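Next up, entry.csv (CSV, C-alpha atoms):
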```csv
chain,number,residue,atom,x,y,z
A,1,MET,CA,274.7,162.8,188.4
A,2,VAL,CA,273.6,159.7,186.5
A,3,ASP,CA,270.7,157.6,187.7
A,4,PHE,CA,271.9,154.0,188.1
A,5,SER,CA,268.6,152.5,189.1
A,6,GLY,CA,268.3,150.6,185.9
A,7,VAL,CA,271.3,148.5,186.9
A,8,THR,CA,269.1,146.0,188.7
A,9,SER,CA,267.7,144.9,185.4
A,10,ILE,CA,271.0,144.4,183.6
A,11,THR,CA,273.1,142.7,186.3
A,12,CYS,CA,273.1,139.1,187.2
A,13,ALA,CA,275.2,136.4,188.8
A,14,VAL,CA,277.1,133.7,186.8
A,15,GLY,CA,276.8,130.2,188.2
A,16,ARG,CA,277.3,126.6,187.3
A,17,ILE,CA,274.8,123.8,187.9
A,18,GLY,CA,276.4,121.1,190.2
A,19,PRO,CA,275.3,118.2,192.3
A,20,THR,CA,274.0,120.4,195.1
A,21,GLY,CA,272.5,123.2,193.0
A,22,VAL,CA,273.9,126.3,191.4
A,23,GLN,CA,277.4,127.3,192.5
A,24,LEU,CA,277.7,131.1,192.0
A,25,LEU,CA,281.0,132.1,190.3
A,26,GLY,CA,280.8,135.8,189.7
A,27,THR,CA,279.0,138.7,188.2
A,28,ALA,CA,277.9,139.5,184.6
A,29,PHE,CA,276.0,142.4,183.0
A,30,LEU,CA,273.8,142.8,179.9
A,31,VAL,CA,275.4,144.6,177.0
A,32,ASN,CA,274.1,146.3,173.8
A,33,LYS,CA,273.2,143.2,171.9
A,34,HIS,CA,270.2,140.9,172.5
A,35,GLY,CA,271.0,138.2,175.0
A,36,LEU,CA,274.7,138.9,175.4
A,37,PHE,CA,276.3,139.5,178.8
A,38,ALA,CA,279.9,140.5,179.6
A,39,THR,CA,281.9,139.2,182.5
A,40,ALA,CA,285.5,138.3,183.3
A,41,SER,CA,286.7,135.3,181.4
A,42,HIS,CA,288.0,133.6,184.5
A,43,VAL,CA,284.4,133.6,185.9
A,44,PRO,CA,283.1,130.9,183.7
A,45,GLY,CA,286.6,129.6,182.9
A,46,PRO,CA,287.1,127.7,179.7
A,47,ASP,CA,284.1,125.4,180.2
A,48,ASP,CA,280.5,126.4,179.7
A,49,SER,CA,278.9,123.1,180.6
A,50,GLY,CA,276.1,123.7,183.1
A,51,LEU,CA,276.8,127.4,183.0
A,52,VAL,CA,273.8,129.6,184.0
A,53,LEU,CA,272.9,133.2,184.6
A,54,SER,CA,271.1,133.7,187.8
A,55,PHE,CA,268.5,136.4,188.4
A,56,LYS,CA,266.7,137.5,191.5
A,57,PRO,CA,263.8,139.9,191.1
A,58,LEU,CA,264.8,143.4,192.4
A,59,GLN,CA,262.9,146.5,191.6
A,60,SER,CA,265.3,148.9,193.3
A,61,LEU,CA,268.7,148.8,194.9
A,62,ASN,CA,267.0,150.3,197.9
A,63,ASP,CA,264.7,147.3,198.3
A,64,TYR,CA,265.6,144.9,201.2
A,65,GLN,CA,267.1,141.9,199.5
A,66,ASP,CA,266.0,138.8,201.4
A,67,THR,CA,269.2,136.9,202.2
A,68,ALA,CA,267.1,133.9,203.4
A,69,ASN,CA,265.5,133.6,200.0
A,70,ALA,CA,267.7,131.3,197.9
A,71,SER,CA,265.4,131.0,195.0
A,72,VAL,CA,266.7,132.3,191.8
A,73,ARG,CA,265.7,132.2,188.1
A,74,THR,CA,268.4,130.6,186.0
A,75,VAL,CA,268.9,130.7,182.3
A,76,LEU,CA,271.4,128.5,180.5
A,77,ALA,CA,274.4,130.4,179.1
A,78,LYS,CA,277.1,129.6,176.6
A,79,ILE,CA,280.5,131.3,176.1
A,80,MET,CA,280.2,133.2,172.8
A,81,ALA,CA,283.7,134.8,173.0
A,82,THR,CA,286.5,134.7,175.5
A,83,ASP,CA,289.7,136.6,175.7
A,84,PRO,CA,292.0,135.2,178.4
A,85,PHE,CA,294.7,137.8,177.7
A,86,HIS,CA,292.3,140.6,178.8
A,87,ASP,CA,290.2,138.4,181.1
A,88,LEU,CA,286.9,139.2,179.3
A,89,ALA,CA,284.2,137.0,178.1
A,90,ILE,CA,280.9,137.4,176.3
A,91,LEU,CA,278.1,135.0,177.3
A,92,ARG,CA,275.0,134.3,175.3
A,93,ALA,CA,271.7,133.4,176.9
A,94,ASP,CA,268.2,133.0,175.5
A,95,ILE,CA,267.0,136.3,176.9
A,96,ASP,CA,265.2,138.9,174.8
A,97,ALA,CA,266.8,142.0,176.3
A,98,GLN,CA,269.6,144.3,175.6
A,99,ALA,CA,271.2,147.2,177.4
A,100,SER,CA,272.0,150.7,176.2
A,101,LEU,CA,275.5,151.2,177.7
A,102,VAL,CA,278.0,153.8,176.6
A,103,LEU,CA,281.1,151.7,176.1
A,104,SER,CA,284.3,153.5,177.0
A,105,GLY,CA,287.5,152.5,178.7
A,106,ALA,CA,290.3,153.3,181.1
A,107,ASP,CA,291.4,156.3,179.0
A,108,ASP,CA,288.2,158.0,180.2
A,109,ALA,CA,288.9,157.3,183.8
A,110,PRO,CA,291.8,159.4,184.9
A,111,VAL,CA,293.2,159.1,188.4
A,112,GLY,CA,290.8,160.6,190.9
A,113,SER,CA,287.7,159.8,188.9
A,114,GLN,CA,284.7,158.7,190.9
A,115,VAL,CA,283.4,155.3,189.7
A,116,VAL,CA,280.8,152.8,190.8
A,117,SER,CA,280.6,149.1,190.5
A,118,PHE,CA,277.6,146.7,190.9
A,119,GLY,CA,278.2,143.0,191.8
A,120,TYR,CA,277.8,140.1,194.1
A,121,PRO,CA,280.5,140.1,196.8
A,122,HIS,CA,280.7,136.8,198.7
A,123,ALA,CA,278.9,134.9,195.9
A,124,ASP,CA,281.3,132.1,196.4
A,125,HIS,CA,279.5,131.5,199.7
A,126,GLY,CA,276.1,131.5,198.0
A,127,ARG,CA,275.2,135.1,199.0
A,128,MET,CA,273.5,136.8,196.2
A,129,VAL,CA,273.1,140.5,197.2
A,130,LEU,CA,273.5,143.0,194.4
A,131,THR,CA,275.8,145.6,196.0
A,132,GLN,CA,276.8,149.0,194.9
A,133,GLN,CA,280.4,150.0,195.7
A,134,ASN,CA,281.7,153.5,195.1
A,135,ALA,CA,285.4,154.1,194.6
A,136,GLU,CA,288.0,156.4,193.3
A,137,VAL,CA,290.5,155.5,190.5
A,138,GLY,CA,293.8,155.4,192.4
A,139,ALA,CA,296.1,154.5,189.4
A,140,ARG,CA,296.1,153.4,185.8
A,141,VAL,CA,298.4,150.5,185.2
A,142,LEU,CA,299.5,148.0,182.5
A,143,ILE,CA,299.2,144.5,183.7
A,144,GLU,CA,300.8,141.6,181.7
A,145,SER,CA,298.9,138.4,181.0
A,146,GLY,CA,300.6,135.7,178.9
A,147,GLY,CA,302.9,138.3,177.5
A,148,ILE,CA,300.2,140.8,176.5
A,149,LYS,CA,300.0,144.1,178.4
A,150,ALA,CA,296.5,145.5,179.0
A,151,LYS,CA,295.2,148.7,180.5
A,152,HIS,CA,293.8,148.3,184.0
A,153,LEU,CA,292.3,150.6,186.6
A,154,VAL,CA,293.4,150.4,190.2
A,155,LEU,CA,290.3,151.2,192.3
A,156,ASN,CA,290.8,152.4,195.9
A,157,THR,CA,288.4,149.9,197.4
A,158,GLN,CA,288.3,146.3,198.7
A,159,SER,CA,286.5,143.7,196.7
A,160,ARG,CA,285.7,140.1,197.4
A,161,PRO,CA,285.1,136.8,195.5
A,162,GLY,CA,281.9,137.1,193.4
A,163,GLN,CA,282.6,140.6,192.2
A,164,SER,CA,284.7,139.5,189.3
A,165,GLY,CA,282.8,140.6,186.1
A,166,SER,CA,281.2,143.6,187.8
A,167,PRO,CA,280.7,146.6,185.5
A,168,ILE,CA,282.6,149.7,186.5
A,169,PHE,CA,280.8,153.0,185.5
A,170,ARG,CA,282.0,156.6,185.7
A,171,ILE,CA,279.7,158.3,188.1
A,172,THR,CA,279.5,161.6,186.3
A,173,ASP,CA,278.1,160.3,183.0
A,174,GLY,CA,277.5,156.5,183.4
A,175,ARG,CA,280.1,155.5,180.9
A,176,LEU,CA,281.3,151.9,181.2
A,177,VAL,CA,285.0,152.2,181.8
A,178,GLY,CA,286.0,148.8,183.2
A,179,VAL,CA,285.2,145.3,184.3
A,180,LEU,CA,286.3,144.1,187.8
A,181,ILE,CA,288.7,141.2,187.6
A,182,GLY,CA,290.3,140.8,191.1
A,183,THR,CA,292.7,142.4,193.5
A,184,TYR,CA,296.5,142.9,193.8
A,185,ALA,CA,298.3,139.9,195.3
A,186,PRO,CA,302.0,139.6,195.0
A,187,THR,CA,302.3,135.8,195.2
A,188,VAL,CA,299.1,134.4,193.6
A,189,GLY,CA,298.6,130.8,194.5
A,190,GLY,CA,301.5,130.7,196.9
A,191,GLY,CA,300.0,132.2,200.0
A,192,ILE,CA,298.1,130.9,202.9
A,193,SER,CA,294.4,130.8,203.5
A,194,LEU,CA,292.6,131.6,206.7
A,195,GLY,CA,288.9,130.5,206.8
A,196,GLY,CA,289.0,130.5,203.0
A,197,ILE,CA,290.4,134.0,202.8
A,198,ASP,CA,293.9,134.8,201.5
A,199,PRO,CA,295.2,137.6,203.7
A,200,GLN,CA,297.1,139.0,200.8
A,201,THR,CA,293.7,140.1,199.3
A,202,LEU,CA,292.6,142.2,202.3
A,203,HIS,CA,293.5,145.6,201.2
A,204,GLN,CA,292.0,148.6,199.3
A,205,THR,CA,293.3,147.7,195.9
A,206,THR,CA,290.9,146.3,193.2
A,207,HIS,CA,291.9,145.7,189.6
A,208,ALA,CA,289.5,146.3,186.7
A,209,VAL,CA,290.4,145.7,183.1
A,210,SER,CA,289.6,148.5,180.6
A,211,ALA,CA,286.2,148.1,178.9
A,212,GLU,CA,287.7,149.2,175.7
A,213,TYR,CA,288.5,145.6,174.8
A,214,LEU,CA,284.8,144.6,174.7
A,215,PRO,CA,283.6,146.1,171.4
A,216,ALA,CA,285.9,143.9,169.3
A,217,MET,CA,284.4,140.8,171.1
A,218,LEU,CA,280.9,142.0,170.4
A,219,SER,CA,281.5,142.5,166.7
A,220,LEU,CA,281.5,138.7,166.0
B,1,MET,CA,288.2,113.1,151.1
B,2,THR,CA,290.9,115.4,152.4
B,3,GLN,CA,291.0,117.5,149.2
B,4,ALA,CA,289.2,120.3,150.8
B,5,LEU,CA,291.9,120.8,153.4
B,6,ASP,CA,295.0,120.3,151.5
B,7,PRO,CA,294.9,123.6,149.5
B,8,LEU,CA,294.6,125.4,152.8
B,9,LEU,CA,297.6,123.5,154.3
B,10,ALA,CA,299.7,124.2,151.2
B,11,ASP,CA,299.1,127.9,151.5
B,12,ASP,CA,300.8,130.5,153.8
B,13,PRO,CA,300.4,129.1,157.3
B,14,THR,CA,300.1,132.6,158.8
B,15,LYS,CA,296.7,132.9,157.2
B,16,TRP,CA,295.3,130.5,159.8
B,17,ILE,CA,296.0,133.3,162.3
B,18,SER,CA,295.2,136.3,160.2
B,19,GLU,CA,291.7,135.1,159.5
B,20,LEU,CA,290.8,134.8,163.2
B,21,PRO,CA,288.5,137.5,164.7
B,22,GLU,CA,290.4,140.7,165.6
B,23,PHE,CA,290.4,140.3,169.3
B,24,GLN,CA,292.1,136.9,168.9
B,25,ARG,CA,294.3,137.7,166.0
B,26,THR,CA,295.9,140.8,167.4
B,27,PRO,CA,297.5,139.4,170.5
B,28,LEU,CA,298.5,136.2,168.8
B,29,GLN,CA,300.2,138.0,166.0
B,30,GLN,CA,301.9,140.3,168.6
B,31,LEU,CA,303.4,137.3,170.4
B,32,LEU,CA,304.4,135.5,167.2
B,33,ALA,CA,306.2,138.7,166.0
B,34,SER,CA,308.2,138.6,169.2
B,35,GLY,CA,309.7,135.3,168.1
B,36,LEU,CA,307.6,132.8,170.0
B,37,SER,CA,306.6,129.6,168.3
B,38,TYR,CA,303.1,128.6,167.5
B,39,GLU,CA,303.2,126.2,170.4
B,40,ASP,CA,304.5,128.8,172.8
B,41,VAL,CA,301.7,131.2,171.8
B,42,GLY,CA,299.1,128.5,172.2
B,43,GLN,CA,300.3,127.8,175.7
B,44,ARG,CA,300.2,131.5,176.5
B,45,TRP,CA,296.5,131.6,175.4
B,46,LEU,CA,295.6,128.6,177.4
B,47,SER,CA,297.3,129.7,180.6
B,48,ALA,CA,297.0,133.5,180.5
B,49,SER,CA,296.4,135.1,183.9
B,50,ALA,CA,296.9,138.7,184.9
B,51,ALA,CA,300.1,139.1,186.8
B,52,ASN,CA,300.0,139.6,190.5
B,53,THR,CA,296.2,139.6,190.5
B,54,TYR,CA,294.1,137.4,192.7
B,55,ARG,CA,291.0,136.5,190.6
B,56,PHE,CA,287.7,136.5,192.4
B,57,SER,CA,286.3,133.3,191.0
B,58,ALA,CA,286.7,129.5,191.3
B,59,ALA,CA,287.6,128.6,187.8
B,60,ARG,CA,291.2,128.0,186.7
B,61,PRO,CA,292.8,128.3,183.3
B,62,ALA,CA,292.8,125.1,181.3
B,63,GLY,CA,296.5,125.6,180.5
B,64,GLN,CA,297.4,125.2,184.2
B,65,GLU,CA,296.9,121.5,183.7
B,66,GLY,CA,300.1,121.6,181.6
B,67,ALA,CA,299.3,118.7,179.3
B,68,PHE,CA,296.2,120.4,177.9
B,69,LEU,CA,297.9,121.5,174.7
B,70,GLU,CA,299.1,118.0,174.0
B,71,ARG,CA,295.6,116.6,174.7
B,72,LEU,CA,294.2,119.1,172.2
B,73,ARG,CA,296.7,117.9,169.6
B,74,VAL,CA,295.8,114.3,170.2
B,75,GLU,CA,292.2,115.0,169.6
B,76,MET,CA,292.9,117.1,166.5
B,77,ARG,CA,295.0,114.2,165.2
B,78,ALA,CA,292.1,111.8,165.9
B,79,PHE,CA,289.7,114.1,164.1
B,80,LEU,CA,291.8,114.8,161.1
B,81,CYS,CA,293.4,111.3,160.6
B,82,GLY,CA,290.3,109.2,160.6
B,83,ASP,CA,289.4,108.2,164.2
B,84,PRO,CA,285.9,106.6,164.0
B,85,ARG,CA,284.8,108.7,167.0
B,86,TYR,CA,284.8,111.8,164.7
B,87,GLU,CA,283.3,110.1,161.6
B,88,LYS,CA,280.1,112.2,161.6
B,89,GLU,CA,281.8,115.6,162.2
B,90,ARG,CA,284.6,114.8,159.7
B,91,SER,CA,282.2,113.9,156.9
B,92,GLY,CA,280.6,117.3,157.4
B,93,LEU,CA,283.9,119.1,157.0
B,94,PHE,CA,285.5,117.0,154.3
B,95,GLY,CA,282.2,116.7,152.4
B,96,GLU,CA,282.6,120.2,151.0
B,97,LYS,CA,284.7,120.8,147.9
B,98,SER,CA,286.3,123.9,149.3
B,99,VAL,CA,286.1,125.4,152.7
B,100,ALA,CA,287.2,128.6,154.4
B,101,ARG,CA,289.8,128.6,157.1
B,102,THR,CA,287.4,130.0,159.6
B,103,TYR,CA,285.0,127.1,158.9
B,104,VAL,CA,287.8,124.5,159.3
B,105,VAL,CA,288.9,126.0,162.6
B,106,SER,CA,285.4,126.3,163.9
B,107,ALA,CA,284.4,122.8,162.8
B,108,ILE,CA,287.5,121.2,164.5
B,109,ALA,CA,287.0,123.2,167.7
B,110,VAL,CA,283.3,122.3,167.9
B,111,ALA,CA,284.1,118.7,167.3
B,112,VAL,CA,286.9,118.2,169.8
B,113,ALA,CA,285.8,120.6,172.6
B,114,PRO,CA,283.4,118.2,174.3
B,115,HIS,CA,286.2,115.6,174.6
B,116,LEU,CA,288.3,118.2,176.4
B,117,SER,CA,285.5,119.7,178.6
B,118,VAL,CA,286.0,123.2,177.3
B,119,ALA,CA,284.0,125.6,175.2
B,120,SER,CA,284.8,125.5,171.5
B,121,THR,CA,285.3,129.3,171.3
B,122,PHE,CA,288.1,129.0,174.0
B,123,ILE,CA,290.2,126.5,171.9
B,124,ALA,CA,289.5,127.9,168.4
B,125,PRO,CA,292.6,130.1,168.4
B,126,VAL,CA,294.7,127.3,169.6
B,127,VAL,CA,293.3,125.0,166.8
B,128,ALA,CA,294.4,127.7,164.3
B,129,LEU,CA,297.9,127.8,165.9
B,130,VAL,CA,298.3,124.1,165.7
B,131,LEU,CA,297.2,124.1,162.0
B,132,ALA,CA,299.6,126.9,161.3
B,133,GLY,CA,302.3,124.9,163.0
B,134,LEU,CA,301.8,121.9,160.7
B,135,GLY,CA,303.4,123.8,157.9
B,136,LYS,CA,303.0,123.1,154.2
B,137,VAL,CA,302.1,119.4,154.3
B,138,THR,CA,299.2,117.4,152.8
B,139,LEU,CA,296.9,115.9,155.4
B,140,ASN,CA,297.6,112.3,154.3
B,141,ALA,CA,301.3,112.9,154.6
B,142,TRP,CA,301.0,114.4,158.0
B,143,CYS,CA,298.7,111.6,159.3
B,144,ALA,CA,301.1,109.0,157.9
B,145,GLY,CA,303.8,110.7,159.9
B,146,GLN,CA,301.8,110.4,163.1
B,147,THR,CA,301.6,106.6,163.0
B,148,GLY,CA,303.8,104.1,164.8
B,149,GLY,CA,306.6,105.4,167.0
B,150,ALA,CA,305.9,109.0,166.0
B,151,LYS,CA,302.2,108.7,166.9
B,152,ASP,CA,302.4,110.9,170.0
B,153,GLN,CA,305.0,113.3,168.7
B,154,PRO,CA,303.6,116.7,167.7
B,155,PRO,CA,304.7,118.1,164.4
B,156,PRO,CA,307.2,121.0,164.3
B,157,THR,CA,305.4,124.1,165.5
B,158,SER,CA,308.0,126.8,165.0
B,159,PRO,CA,306.8,129.7,162.8
B,160,THR,CA,309.9,129.3,160.7
B,161,SER,CA,309.6,125.6,160.2
B,162,SER,CA,306.8,125.8,157.7
B,163,GLY,CA,309.0,126.9,154.8
```

Encoded form using C-alpha cells:
Amino acid sequence: MVDFSGVTSITCAVGRIGPTGVQLLGTAFLVNKHGLFATASHVPGPDDSGLVLSFKPLQSLNDYQDTANASVRTVLAKIMATDPFHDLAILRADIDAQASLVLSGADDAPVGSQVVSFGYPHADHGRMVLTQQNAEVGARVLIESGGIKAKHLVLNTQSRPGQSGSPIFRITDGRLVGVLIGTYAPTVGGGISLGGIDPQTLHQTTHAVSAEYLPAMLSL
Amino acid sequence: MTQALDPLLADDPTKWISELPEFQRTPLQQLLASGLSYEDVGQRWLSASAANTYRFSAARPAGQEGAFLERLRVEMRAFLCGDPRYEKERSGLFGEKSVARTYVVSAIAVAVAPHLSVASTFIAPVVALVLAGLGKVTLNAWCAGQTGGAKDQPPPTSPTSSG
C-alpha cells in the first residue's frame, strides 16, 4: 500500500480574489515541474485575473483541520496551458517546489480498481478541508466535449463542488490516473436547484478525466 | 510595416494550426478533418464542455456568451489593421523582418486577451484558426476589405475558401 501522507504538501485550493476576499473555485495539485499545478480547466475558467492558489498549513491528513480558521496563504497564479476539450489546465505560480508523481491514465485503472482522491468538497461555501475519498472505478467511458471524445473514469462515489481538479491516484501504487471534473447529470443547466444544490448531482457517480492528457500540456 | 506577416498569410493556411502545441493541434485538426469550418472549430474550443457532466466549479466557458468569437475577431481586426489602442504591441510584432507563426499567434493573443477578460493561452488556438480562415490575402488587402459597410463582417472562414 502506498503512503499518501505527502499529498498535504502538493494539494491546494484554487481561488479568485474578489471584493469580499478569496472565492474558492476548486482543487489543484503540484506536478513534476517547478511551480506548475494541474487542475480542471473549468475551475479557473478562461480568465486568470485575480487567480490564486490557496494553502493552509497541514502536517498530516490526520491533523484536526480548524474549520473556524479562515486564514490561508495565497499565491498569484496564471494559466500556462488550458485544454477545454479534455477539461484540464496547468497553472503557474511563483513557488519553488515540484512533485514526483507517476503520471499514468485511465488505461491503468480497470473497472474494480481502488482509487483515492484528495480535494476540497464544499469549497464553493468557503470550506477548505483537505479530504480523502476512497472509491472504486465503476466504469470507463468516452465522454464527448465539443466533438472530441476523451477517456474518463466513472468513480463509485459522490463528489461535491470544490472537488473539481482533485488528483485521482491508484491506491496500489500511487499512479496518477485521473483528474476529477464533476458528476453525471443528464440535463446540465436545465434542472432545478434546492438550497444551491442540483438534485441531479446527488448520486454515487463521479467523472474523472484520464490523466494521460497532462504530459502533452506539460511539455510546453 | 506589414511585410513580416504577409509571407505567412500567403503560405498554406493550415500551417497556422499545424504549428500549435500538440495538445491544441491534435483536436483542432481532428475537427477540421471532419469537415467543420475554422469558425465552427473555434466555437467548439470556446464552448467545449463534457457532455452530461455537472462541473463542480463556478466558472463558465467563454463561448457560452455566444458573441465571444465575434468579439475576438473585432479585437484582432483592431490589432492588425492599425487601431491606435494596439500601437505599442503592433510595433513590436511588425518591427521584425520575419517572424514565426507561433510568435504571431502568441503576440496577438497576448495583446487582445486583456480586452476580452481572458487568458492569452485560452484564445491562442482560436487566434490561429481566425488567421487560417483569412486565406491567402495580404494584410493590407484584408484590412481594406474590413472598412465601410463590411467593417463588421468576418472574412470567409471555411477551410476550403482559402484556395

Residues of chain B within 6 Å of chain A, all atoms listed in the file counted, as a list in words: Phe23, Arg44, Ala48, Ser49, Ala50, Ala51, Asn52, Thr53, Tyr54, Arg55, Phe56, Ser57, Ala59, Val118, Ala119, Thr121 and Phe122 of chain B

So which residues touch Ser104 of chain A within 12 Å, counting all atoms listed in the file, skipping near sequence neighbours fewer than 4 positions away, as a ChimeraX atom specification? /A:108-109,167-170,173-179,209-215

Selection: 12 Å around Val99 of chain B, all atoms listed in the file, excl. self and same-chain fewer than 2 positions, as a PyMOL selection string: chain B and resi 2-9+92-97+101-107

Residues within 7 Å of Arg16 of chain A, please, as a list in words. Count all atoms listed in the file; anything in the same chain fewer than 2 positions from it doesn't count. Gly18, Val22, Gln23, Leu24, Gly50, Leu51 and Val52 of chain A

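With atom CA of Phe29 of chain A on one side and atom CA of Ser166 of chain A on the other, the separation reads 7.2 Å.
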
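Summary of the local environment: counting all atoms listed in the file, residues at most 12 Å from Gln132 of chain A, other than itself and those fewer than 3 positions away along its chain, are Phe4, Ser5, Val7, Thr8, Thr11, Ser60, Leu61, Asn62, Val115, Val116, Ser117, Phe118, Gly119, Tyr120, Pro121, Val129, Ala135, Thr157, Ser159, Gln163, Ser166, Pro167, Ile168, Phe169 and Ile171 of chain A.
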
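The closest residue to Leu53 of chain A, picked from A:Thr67, A:Thr39, A:Thr74, A:Gln158 and counting all atoms listed in the file, is A:Thr74.
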
Closest to Val14 of chain A among A:Ala106, A:Met128, A:Ile95, A:Ala208, using only C-alpha atoms? A:Met128

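Closest to His203 of chain A among A:Thr172, A:Leu155, A:Phe55, A:Leu130 is A:Leu155, based on all atoms listed in the file.
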
Nearest candidate to Ala144 of chain B (options B:Pro114, B:Pro125, B:Gly35, B:Gly82; using all atoms listed in the file): B:Gly82

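Interatomic distance, atom CA of Glu75 of chain B to atom CA of Val112 of chain B: 6.2 Å.
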
Could you check which residues have any atom within 10 Å of (298.7, 125.7, 161.2), counting all atoms listed in the file with coordinates taken straight from the file, and then list them as a PyMOL selection string? chain B and resi 8-9+11-17+38+105+126-137+157+159+162

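Computed from the coordinates, the atom CA of Met76 of chain B to atom CA of Ala111 of chain B distance equals 9.0 Å.
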